[in-house]
Amino acid sequence: MAKGLSFKGVDAFGKTSEDVKIKTRTGALLTLLSAAIILTFMTIEFFDYLRVHLDTSIVVDKSRGEKLTVHMNITFPHVPCYLLSLDVVDISGEQQRDVTHNVMKTRLDPQGNAIGDIAAQLGSDLDKAVAGRGADYCGSCYGGIEPASGCCNTCEEVRQAYVNRGWSFSNPDAIEQCVAEGWSDRIKNQAAEGCNIAGRIRVNKVIGNIYLSPGRSFQSHTMQVHDLVPYLRDTNGQHHNFGHTIHALEFESDDEYDVRKKDISAELKRRLNIEVDPLVGAVATAPKTQYMFQYFLKVVSTQFRSLNGHIIDTHQYSVTHFERDLSEGSHGSTDQGVHLSHGVSGAFFNFEISPIRIIHVETRQSFAHFLTSTCAIVGGVLTIASILDQVLFATGRALKKSGQNGIAGKLM
């Protein structure tokens with residue numbers, strides 16, 4: 001019997017019989033209020049348990065030797081496609097001149113409507129001119145560096161030979177091939193046109209520059225040189241300028257070639273409110289022909305890790321914009337119409353790779369955490385309600401007893 005009594009003494013949940021319990025209206029009100037609070041907090045906790053959170057961390061980017069894909073779509077309303085050149089140069093020494101692979105130029109009329117593919121039209125005219133010369137024809141390169149065949153049978157081949165030699169292609173009317181192809185006439189006909197350039201280019205993940213500039217570029221005494229003769233020439237009263245509209249400019253990783261991963265990346269960017277790149281929709285106006293636009297981009301590697309185990313690498317960037325009027329600068333064009341790259345009209349994108357990587361990880365609250373929070377809510381609310389009920393009950397009894405003693409004293 002003694003053992004039984006000593007064991008019962010450990011019971012932390014003492015019971016009272018029904019006949020000694022006192023039920024009050026205050027207790028009933030507190031009970032209903034506690035139930036409402038518990039239900040509200042449990043609902044909030046349940047929805048928080050279902051919600052997917054994004055945790056962000058910053059680490060040092062240790063990836064090197066990778067390549068980036070630059071997706072661009074830019075419209076130049078006052079530069080014809082035959083004048084627009086795309087070049088890529090990076091700090092490692094790699095140079096891509098007059099990039100055409102995976103890049104398409106679309107001719108635009110003065111109203112901005114697409115005319116057609118410039119390559120298809122020029123190619124048709126070129127085929128007709130070459131066909132009329134005979135199979136044994138071998139055109140002169142006029143002093144330029146000859147191609148592997150030893151012949152320059154088209155105006156474009158002569159132009160490229162001049163570029164390889166480091167010369168300006170300033171007088172096409174003196175070139176037999178150009179005269180036969182009507183090169184000058186086509187230039188005059190397209191002088192009032194604009195150009196949209198769109199596509200993807202592969203660049204090294206190092207500091208680099210993307211040049212959208214007039215004329216062909218070539219190397220002269222270790223310097224980047226552009227042939228500006230056709231650009232600066234006043235053709236039929238048309239003055240060119242490099243005002244432009246950027247429809248798209250983004251840095252993509254290889255993961256984003258996977259449609260499913262790209263969709264996941266787009267959704268996570270939308271949730272973080274970073275789905276729109278800083279330069280999308282940017283409009284730049286050039287008041288003069290010799291006007292330079294420079295964009296300095298800081299590219300930051302970003303990684304998304306989804307709940308289902310997908311890891312998607314992508315990139316973000318910040319940008320600083322700078323404009324310069326070159327018409328009165330100290331670095332003008334030479335008598336031959338050649339201009340150095342540090343003072344040439346165009347749109348230039350300088351990108352620099354940040355040494356950090358931002359990692360966004362999808363997380364969800366564990367069920368154990370949800371269960372613990374639920375128990376804490378129930379126990380905490382009931383405990384506070386019990387304490388409050390006891391205080392109110394004791395206060396009420398004390399006031400009642402004090403009132404009774406006061407009445408008894410007056411009667412005596």
# chains A, B, ... in the order shown; residues from 1 in each chain; ligands from 1
>>> residues_around(residues="Gln316 in chain A", least_positions_apart="2", cutoff="10 Å", atoms="only C-alpha atoms", output="PyMOL selection string")
chain A and resi 250-252+269+274-278+297-302+314+318+358
>>> write_last_selection(atoms="C-alpha atoms", output="mmCIF file, in the first residue's frame")
data_model
loop_
_atom_site.group_PDB
_atom_site.id
_atom_site.type_symbol
_atom_site.label_atom_id
_atom_site.label_comp_id
_atom_site.auth_asym_id
_atom_site.auth_seq_id
_atom_site.Cartn_x
_atom_site.Cartn_y
_atom_site.Cartn_z
ATOM 1 C CA GLU A 250 20.915 37.888 -70.870
ATOM 2 C CA PHE A 251 23.703 35.544 -69.859
ATOM 3 C CA GLU A 252 22.708 31.887 -69.938
ATOM 4 C CA LYS A 269 13.358 34.153 -60.835
ATOM 5 C CA ILE A 274 14.500 39.060 -60.874
ATOM 6 C CA GLU A 275 12.937 37.602 -64.020
ATOM 7 C CA VAL A 276 13.490 40.798 -66.043
ATOM 8 C CA ASP A 277 17.099 41.653 -66.854
ATOM 9 C CA PRO A 278 18.169 45.279 -66.249
ATOM 10 C CA LEU A 297 28.026 44.759 -66.795
ATOM 11 C CA LYS A 298 28.852 42.869 -63.603
ATOM 12 C CA VAL A 299 27.829 39.245 -64.144
ATOM 13 C CA VAL A 300 27.069 37.194 -61.021
ATOM 14 C CA SER A 301 26.771 33.405 -61.124
ATOM 15 C CA THR A 302 23.513 32.176 -59.617
ATOM 16 C CA THR A 314 22.210 30.731 -64.384
ATOM 17 C CA SER A 318 23.975 44.706 -62.877
ATOM 18 C CA ILE A 358 24.561 33.316 -55.114
#
>>> residues_around(residues="Tyr257 in chain A", least_positions_apart="4", cutoff="12 Å", atoms="only C-alpha atoms", output="list in words")
Leu68, Thr69, His71, Arg200, Glu252, Ser253, Lys261, Lys262, Asp263, Ser265, Ile312, Asp313 and Thr314 of chain A
>>> closest_residue(among="A:Leu108, A:Cys155, A:Ala191, A:Val59", to="Asp173 in chain A", atoms="only C-alpha atoms")
A:Cys155
>>> select_by_dssp(residues="range 141-299 of chain A", states="strand (DSSP E)", output="PyMOL selection string")
chain A and resi 194-204+208-214+217-220+223-227+244-252+283-284+291-299
>>> select_by_dssp(residues="range 76-221 of chain A", states="alpha helix (DSSP H)", output="VMD selection string")
chain A and resid 118 to 131 155 to 165 176 to 181 183 to 189
